[in-house]
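Source file protein.cif; content: mmCIF, C-alpha atoms.
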data_structure
#
loop_
_atom_site.label_atom_id
_atom_site.label_comp_id
_atom_site.auth_asym_id
_atom_site.auth_seq_id
_atom_site.Cartn_x
_atom_site.Cartn_y
_atom_site.Cartn_z
CA LYS A 1 -30.25 17.10 18.13
CA ASN A 2 -27.73 17.40 15.34
CA ILE A 3 -25.52 19.82 17.29
CA ASP A 4 -25.12 17.12 19.95
CA LEU A 5 -23.81 14.47 17.55
CA TYR A 6 -20.35 16.03 17.21
CA PRO A 7 -19.44 16.13 20.93
CA THR A 8 -21.08 12.73 21.42
CA LEU A 9 -18.99 11.05 18.71
CA LEU A 10 -15.84 12.68 20.06
CA GLU A 11 -16.51 11.36 23.55
CA LEU A 12 -17.34 7.86 22.29
CA ALA A 13 -14.09 7.86 20.29
CA GLY A 14 -12.08 9.11 23.28
CA VAL A 15 -11.13 12.34 21.52
CA PRO A 16 -11.11 15.56 23.58
CA LEU A 17 -13.02 18.61 22.39
CA PRO A 18 -10.76 21.01 20.46
CA LYS A 19 -9.72 23.93 22.63
CA ASP A 20 -10.01 26.57 19.90
CA HIS A 21 -13.40 25.43 18.58
CA ILE A 22 -16.80 26.57 19.85
CA VAL A 23 -19.08 23.57 20.41
CA ASP A 24 -22.76 24.40 20.78
CA GLY A 25 -24.00 20.88 21.54
CA LEU A 26 -23.73 18.54 24.51
CA SER A 27 -22.57 14.95 24.48
CA PHE A 28 -25.26 12.35 25.20
CA ALA A 29 -22.74 9.48 25.30
CA ARG A 30 -23.42 8.82 28.98
CA VAL A 31 -27.14 8.63 28.25
CA LEU A 32 -26.39 5.79 25.82
CA LEU A 33 -23.79 4.00 27.92
CA LYS A 34 -24.89 4.59 31.50
CA GLU A 35 -28.58 5.48 31.10
CA GLU A 36 -28.02 8.86 32.70
CA VAL A 37 -30.49 11.72 32.27
CA PHE A 38 -29.57 14.24 29.58
CA PRO A 39 -28.89 17.63 31.20
CA ARG A 40 -31.02 19.55 28.69
CA ASP A 41 -34.74 18.80 28.17
CA THR A 42 -35.38 21.33 25.40
CA SER A 43 -34.14 21.23 21.82
CA PHE A 44 -34.99 23.01 18.58
CA THR A 45 -34.91 21.73 15.01
CA TRP A 46 -35.12 23.86 11.88
CA PHE A 47 -36.05 22.00 8.71
CA PRO A 48 -36.08 23.61 5.22
CA TYR A 49 -38.01 20.79 3.51
CA HIS A 50 -41.78 20.17 3.34
CA GLY A 51 -42.55 23.88 3.21
CA SER A 52 -40.03 24.59 5.98
CA GLY A 53 -40.70 25.00 9.66
CA ILE A 54 -39.29 24.74 13.16
CA SER A 55 -40.03 22.39 16.02
CA VAL A 56 -39.34 22.45 19.74
CA ARG A 57 -39.10 19.37 21.93
CA LYS A 58 -39.48 19.86 25.68
CA GLY A 59 -39.87 16.77 27.81
CA ASP A 60 -42.63 14.60 26.36
CA TRP A 61 -44.04 17.42 24.24
CA LYS A 62 -43.23 18.44 20.69
CA LEU A 63 -44.58 21.50 18.89
CA ILE A 64 -44.15 21.96 15.15
CA ARG A 65 -44.68 25.39 13.61
CA ARG A 66 -44.79 25.39 9.81
CA PHE A 67 -44.44 28.29 7.41
CA LYS A 68 -46.41 26.90 4.48
CA GLU A 69 -49.78 25.16 4.51
CA ASP A 70 -50.02 21.88 2.61
CA ARG A 71 -52.66 19.48 3.94
CA ARG A 72 -51.43 16.71 1.66
CA TYR A 73 -48.55 16.12 4.06
CA TRP A 74 -49.52 17.62 7.44
CA GLU A 75 -52.47 18.86 9.41
CA GLY A 76 -52.52 22.63 9.82
CA MET A 77 -49.75 25.12 10.40
CA VAL A 78 -49.26 24.11 14.05
CA GLU A 79 -49.00 20.55 15.35
CA LEU A 80 -48.69 19.44 18.97
CA PHE A 81 -47.82 15.90 20.00
CA ASN A 82 -47.35 14.04 23.27
CA LEU A 83 -44.47 11.74 22.35
CA LYS A 84 -44.81 9.62 25.47
CA GLU A 85 -48.30 8.56 24.44
CA ASP A 86 -48.00 9.05 20.69
CA LEU A 87 -44.47 8.37 19.48
CA GLY A 88 -45.62 8.13 15.86
CA GLU A 89 -47.06 11.69 15.96
CA THR A 90 -50.47 10.56 14.73
CA LYS A 91 -52.74 12.73 16.89
CA ASN A 92 -52.45 16.51 16.66
CA LEU A 93 -53.47 18.05 20.01
CA ALA A 94 -52.98 21.70 18.99
CA THR A 95 -56.67 22.66 19.01
CA GLN A 96 -57.32 20.78 22.25
CA LEU A 97 -54.42 22.27 24.22
CA PRO A 98 -53.97 25.93 23.19
CA GLU A 99 -52.19 26.70 26.47
CA LYS A 100 -49.47 24.14 25.72
CA VAL A 101 -49.17 25.50 22.17
CA ALA A 102 -48.68 29.01 23.56
CA GLU A 103 -46.14 27.78 26.13
CA LEU A 104 -43.97 25.96 23.60
CA GLY A 105 -44.49 28.64 20.96
CA LYS A 106 -43.01 31.19 23.33
CA LEU A 107 -39.88 29.03 23.56
CA ILE A 108 -39.55 29.13 19.77
CA ASP A 109 -39.91 32.92 19.73
CA GLU A 110 -37.30 33.28 22.47
CA HIS A 111 -34.97 30.92 20.61
CA PHE A 112 -35.25 32.99 17.43
CA GLU A 113 -34.58 36.19 19.36
CA ALA A 114 -31.57 34.72 21.16
CA THR A 115 -30.00 33.31 17.99
CA GLY A 116 -30.85 36.18 15.65
CA GLY A 117 -32.94 33.88 13.48
CA LEU A 118 -35.32 35.21 10.85
CA TYR A 119 -38.75 33.90 9.98
CA PRO A 120 -39.40 33.44 6.24
CA VAL A 121 -41.73 36.02 4.73
CA PRO A 122 -43.65 35.98 1.40
CA ASN A 123 -41.78 37.26 -1.65
CA PRO A 124 -43.71 40.35 -2.84
CA TYR A 125 -42.31 39.85 -6.36
CA PHE A 126 -43.29 36.19 -6.68
CA SER A 127 -44.98 35.31 -9.98
CA LYS A 128 -46.77 32.01 -10.45
CA GLU A 129 -46.40 32.29 -14.20
CA ALA A 130 -42.66 32.85 -14.01
CA ALA A 131 -42.22 30.08 -11.46
CA GLY A 132 -44.07 27.65 -13.69
CA ARG A 133 -41.91 28.60 -16.65
CA THR A 134 -38.60 28.16 -14.90
CA ARG A 135 -39.34 25.27 -12.55
CA THR A 136 -36.46 22.85 -12.92
CA ARG A 137 -36.18 19.16 -12.20
CA ALA A 138 -32.71 17.65 -12.36
CA THR A 139 -32.56 14.57 -14.56
CA GLU A 140 -30.19 11.99 -15.91
CA VAL A 141 -29.60 12.47 -19.62
CA ASP A 142 -30.59 8.87 -20.32
CA SER A 143 -34.04 9.53 -18.84
CA LEU A 144 -34.57 12.42 -21.28
CA PRO A 145 -34.47 10.87 -24.77
CA SER A 146 -34.39 14.22 -26.54
CA ALA A 147 -31.07 15.05 -24.81
CA ARG A 148 -29.22 11.83 -25.59
CA GLY A 149 -25.86 12.43 -27.12
CA LEU A 150 -25.27 15.52 -25.00
CA VAL A 151 -22.85 15.07 -22.10
CA PRO A 152 -22.92 17.71 -19.33
CA LYS A 153 -19.49 18.41 -17.89
CA GLN A 154 -19.05 20.52 -14.74
CA SER A 155 -22.78 21.01 -15.12
CA MET A 156 -26.08 19.19 -14.91
CA ILE A 157 -29.19 19.13 -17.07
CA GLY A 158 -32.61 20.04 -15.70
CA MET A 159 -36.00 20.17 -17.36
CA ILE A 160 -38.21 23.24 -17.72
CA ASN A 161 -41.39 23.86 -19.65
CA GLY A 162 -40.40 23.79 -23.31
CA GLY A 163 -36.67 23.32 -22.86
CA ILE A 164 -33.75 22.21 -20.73
CA ARG A 165 -31.67 24.15 -18.26
CA VAL A 166 -27.91 23.57 -18.10
CA ILE A 167 -26.88 24.35 -14.54
CA PRO A 168 -23.22 25.21 -13.78
CA LYS A 169 -21.44 22.98 -11.25
CA GLY A 170 -17.85 23.97 -11.94
CA ARG A 171 -15.64 26.72 -13.29
CA ALA A 172 -15.99 25.85 -16.98
CA PRO A 173 -19.41 24.21 -17.50
CA PHE A 174 -20.24 22.91 -20.97
CA LEU A 175 -22.25 20.40 -22.99
CA GLY A 176 -20.11 18.01 -25.01
CA THR A 177 -21.09 15.72 -27.86
CA ALA A 178 -19.42 13.31 -30.25
CA GLN A 179 -22.48 13.10 -32.49
CA VAL A 180 -21.73 16.11 -34.69
CA LYS A 181 -19.82 14.16 -37.34
CA MET A 182 -19.55 16.60 -40.24
CA ARG A 183 -16.87 18.26 -42.33
CA GLY A 184 -16.62 21.95 -41.75
CA PRO A 185 -17.12 24.77 -41.82
CA LEU A 186 -20.29 24.28 -39.76
CA THR A 187 -23.28 26.41 -38.86
CA LEU A 188 -24.85 26.34 -35.40
CA LYS A 189 -28.39 27.54 -34.84
CA LEU A 190 -29.09 27.84 -31.13
CA ARG A 191 -32.38 28.85 -29.54
CA ALA A 192 -31.60 29.73 -25.94
CA ARG A 193 -31.63 32.28 -23.15
CA THR A 194 -29.90 32.76 -19.82
CA GLU A 195 -31.87 31.98 -16.66
CA ASP A 196 -31.65 35.58 -15.43
CA GLY A 197 -32.40 37.06 -18.85
CA LEU A 198 -29.20 39.13 -18.86
CA GLY A 199 -27.46 37.29 -21.68
CA GLY A 200 -23.71 36.73 -21.87
CA THR A 201 -20.82 35.37 -23.91
CA GLY A 202 -20.61 31.66 -24.63
CA GLN A 203 -18.01 29.64 -26.47
CA ILE A 204 -17.78 26.73 -28.91
CA GLN A 205 -14.70 24.53 -28.97
CA TRP A 206 -13.96 21.53 -31.14
CA ARG A 207 -11.42 18.91 -32.09
CA THR A 208 -11.36 16.88 -35.26
CA ASP A 209 -11.31 13.12 -35.74
CA GLU A 210 -7.58 13.31 -36.43
CA GLN A 211 -6.82 15.05 -33.13
CA LYS A 212 -6.46 13.07 -29.92
CA ASP A 213 -6.77 16.11 -27.65
CA PHE A 214 -8.11 19.62 -27.77
CA PRO A 215 -5.37 22.07 -28.78
CA SER A 216 -4.15 24.44 -26.07
CA SER A 217 -5.19 27.40 -28.20
CA GLY A 218 -7.35 28.04 -31.21
CA GLN A 219 -10.24 25.96 -32.52
CA SER A 220 -12.74 27.91 -30.50
CA ILE A 221 -15.11 30.74 -31.21
CA THR A 222 -17.26 32.91 -28.97
CA PHE A 223 -20.88 33.84 -29.45
CA GLN A 224 -23.11 36.42 -27.84
CA LEU A 225 -26.38 35.37 -26.19
CA PRO A 226 -28.58 38.52 -26.20
CA SER A 227 -30.41 39.69 -23.11
CA GLY A 228 -34.12 39.01 -22.76
CA ASN A 229 -36.52 36.64 -21.07
CA ASP A 230 -37.87 35.35 -24.39
CA TRP A 231 -36.08 32.70 -26.43
CA GLN A 232 -33.15 34.16 -28.36
CA ASP A 233 -32.10 32.84 -31.80
CA ILE A 234 -28.32 32.72 -32.30
CA LEU A 235 -26.55 31.85 -35.55
CA VAL A 236 -22.85 30.98 -35.31
CA GLN A 237 -20.47 30.17 -38.15
CA VAL A 238 -17.95 27.66 -36.82
CA PRO A 239 -14.75 27.54 -38.94
CA VAL A 240 -14.02 23.83 -38.55
CA GLN A 241 -11.33 22.43 -40.86
CA GLY A 242 -11.74 18.70 -41.26
CA ARG A 243 -14.32 16.35 -39.75
CA THR A 244 -15.47 17.14 -36.22
CA GLY A 245 -14.80 14.60 -33.50
CA ILE A 246 -16.05 16.28 -30.32
CA VAL A 247 -17.79 19.63 -29.96
CA ARG A 248 -18.20 21.56 -26.71
CA LEU A 249 -20.80 24.23 -26.04
CA TYR A 250 -19.65 26.37 -23.10
CA LEU A 251 -22.17 28.30 -21.01
CA PRO A 252 -22.10 32.11 -20.78
CA GLY A 253 -19.85 32.41 -17.73
CA ALA A 254 -21.24 30.95 -14.53
CA LYS A 255 -24.86 31.47 -15.57
CA ALA A 256 -27.42 28.75 -16.12
CA MET A 257 -28.45 28.59 -19.76
CA GLU A 258 -31.86 27.44 -20.95
CA ILE A 259 -31.96 25.77 -24.36
CA GLN A 260 -34.92 24.99 -26.59
CA SER A 261 -33.06 23.67 -29.64
CA ILE A 262 -29.57 22.99 -31.05
CA ASP A 263 -29.15 22.57 -34.81
CA TRP A 264 -25.88 21.79 -36.57
CA SER A 265 -25.66 21.98 -40.36
CA VAL A 266 -23.08 22.22 -43.13
CA ALA A 267 -23.44 24.04 -46.44
CA GLY A 268 -27.17 24.38 -45.90
CA GLN A 269 -27.65 20.64 -45.39
CA LYS A 270 -29.15 19.52 -42.08
CA GLY A 271 -26.85 17.61 -39.79
CA LYS A 272 -27.40 16.84 -36.10
CA SER A 273 -30.10 18.52 -34.02
CA TRP A 274 -31.76 18.42 -30.62
CA ASN A 275 -35.22 19.86 -29.91
CA PHE A 276 -36.59 20.31 -26.39
CA SER A 277 -39.74 22.32 -27.11
CA SER A 278 -41.98 19.44 -25.96
CA VAL A 279 -40.13 18.85 -22.67
CA ARG A 280 -42.21 19.14 -19.50
CA PRO A 281 -40.85 18.86 -15.92
#
With the file now loaded, output its structure as structure tokens.
Amino acid sequence: KNIDLYPTLLELAGVPLPKDHIVDGLSFARVLLKEEVFPRDTSFTWFPYHGSGISVRKGDWKLIRRFKEDRRYWEGMVELFNLKEDLGETKNLATQLPEKVAELGKLIDEHFEATGGLYPVPNPYFSKEAAGRTRTRATEVDSLPSARGLVPKQSMIGMINGGIRVIPKGRAPFLGTAQVKMRGPLTLKLRARTEDGLGGTGQIQWRTDEQKDFPSSGQSITFQLPSGNDWQDILVQVPVQGRTGIVRLYLPGAKAMEIQSIDWSVAGQKGKSWNFSSVRP
């Protein structure tokens, strides 16, 4: 009863309900303090996790209607429990009491109609192959040895099959590193793609060992990440003067960028590189 928490906490704190604010829930403070009976015996809960579903609680009965079958975690698409006799929800009575399932299921349908809710439907364009390729798991950089030395700023790093995904979390997301210690000019070889395959314009910024801060202008260069769902090979000449201190690799706008490898070199001699081709979520 999450909608009931707000008015309950206000009443317990002695704070009146705001006059210009619509409050959907009811306070159950008197149920806690005076053991009074709650004026509503029916409540609905929508949950987006575990395949997503909706449940209705009416009196001692609880009906759960799920939208995705997964018998590792639950029994069937519909579960019915008598909470008075089975508080731990261990015995599904749905097949034994179809009338009760129909009764409570009708309440769910009426609730959806009254609130304008929408049931999830299968995506006709879903591709298992594409989903497997782009499935992302967020990770700490320290738990991904191949990414050590890269510091995500206003972004986070996730793992995909054969690469990493840098996910924007701010207005100017980038990967920073202090491990490219070479005298310029430098060459960057980047094997990457955008998550949506539409490409975009990225940017490289640097400061040298002699500089305490990044200059307000200059010392940056843009690069174009071509469109396409396959890995794209980008070669960028970076006109660094002096020895690099910190290098930043900015994402193409607000798009997530998937990276398979980053290679820095100078005058044809290999410098610092990262390779994520063996990464698996």
Report task. Evaluate the PyMOL selection byres ((chain A and resi 190) around 9) on the structure here and hand back the selected residues as a list in words. Result ->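 Residues picked by the PyMOL selection byres ((chain A and resi 190) around 9): Leu188, Lys189, Arg191, Ala192, Gln232, Asp233, Ile234, Leu235, Val236, Ile259, Gln260, Ser261, Ile262, Asp263 and Trp264 of chain A.
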Report task. Please indicate the distance in Å from CA of Ser216 (chain A) to CA of Pro239 (chain A), rounded to one decimal place. Result ->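 For CA of Ser216 (chain A) relative to CA of Pro239 (chain A), the distance reads 17.0 Å.
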Requested in this report: With only C-alpha atoms counted, which protein, DNA or RNA residues have an atom no more than 12 Å from (-7.1, 24.2, -43.7) in the file frame? Please answer as a PyMOL selection string.
Outcome: chain A and resi 183-185+208+219+239-243
Query raised in the report: Excluding same-chain residues fewer than 2 positions from region 65-68 of chain A, what lies within 8 Å of it counting all atoms listed in the file, as number ranges by chain?
Result: A: 51-55, 63, 70, 77-79, 120
Based on the selection just made, write C-alpha atoms of those residues as a PDB file, keeping the file's coordinate frame.
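Output below, filename result_22.pdb:
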ATOM      1  CA  GLY A  51     -42.550  23.880   3.210  1.00  0.00           C
ATOM      2  CA  SER A  52     -40.030  24.590   5.980  1.00  0.00           C
ATOM      3  CA  GLY A  53     -40.700  25.000   9.660  1.00  0.00           C
ATOM      4  CA  ILE A  54     -39.290  24.740  13.160  1.00  0.00           C
ATOM      5  CA  SER A  55     -40.030  22.390  16.020  1.00  0.00           C
ATOM      6  CA  LEU A  63     -44.580  21.500  18.890  1.00  0.00           C
ATOM      7  CA  ASP A  70     -50.020  21.880   2.610  1.00  0.00           C
ATOM      8  CA  MET A  77     -49.750  25.120  10.400  1.00  0.00           C
ATOM      9  CA  VAL A  78     -49.260  24.110  14.050  1.00  0.00           C
ATOM     10  CA  GLU A  79     -49.000  20.550  15.350  1.00  0.00           C
ATOM     11  CA  PRO A 120     -39.400  33.440   6.240  1.00  0.00           C
TER      12      PRO A 120
END
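The coordinates place CA of Gly271 (chain A) at 14.4 Å from CA of Ile246 (chain A).
In this structure, CA of Val279 (chain A) sits 5.0 Å away from CA of Gly162 (chain A).
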Query - Selection result of the PyMOL selection byres ((chain A and resi 87-94) around 12) on this file, as a count of residues only - result: 30
**Report entry** Expansion of the PyMOL selection byres ((chain A and resi 147) around 9) into residues, as a list in words
**Finding:**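 Output from the PyMOL selection byres ((chain A and resi 147) around 9), applied to this file: Val141, Asp142, Ser143, Leu144, Pro145, Ser146, Arg148, Gly149, Leu150, Val151, Ile157, Ile164, Trp274, Asn275 and Phe276 of chain A.
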**Report entry** Nearest candidate to Pro168 (chain A) (options A:Gly25, A:Gly253, A:Gly117, A:Pro18; using only C-alpha atoms)
**Finding:** A:Gly253
Requested in this report: Can you pull out every residue within 8 Å of Ser155 (chain A), counting only C-alpha atoms, but drop anything in the same chain fewer than 3 positions away, and send it as a PyMOL selection string?
Outcome: chain A and resi 152+166-170+173-175
**Report entry** Of the listed residues A:Leu5, A:Ala114, A:Leu12, A:Ile204, that which approaches Leu186 (chain A) most closely, counting all atoms listed in the file
**Finding:** A:Ile204
Query raised in the report: Quick one: residues within 12 Å of Ser217 (chain A), all atoms listed in the file counted, chain neighbours fewer than 5 positions away excluded, as a ChimeraX atom specification?
Result: /A:205-207
**Report entry** Option closest in space to Gln203 (chain A), from A:Met156, A:Leu251, A:Ala256, A:Ala172 [counting only C-alpha atoms]
**Finding:**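 Closest to Gln203 (chain A), using only C-alpha atoms: A:Leu251.
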Query - Nearest to Lys58 (chain A) by atom-to-atom distance, counting only C-alpha atoms, from A:Ile108, A:Val247, A:Leu32, A:Ala267 - result: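 Under the stated criterion, the closest residue is A:Ile108.
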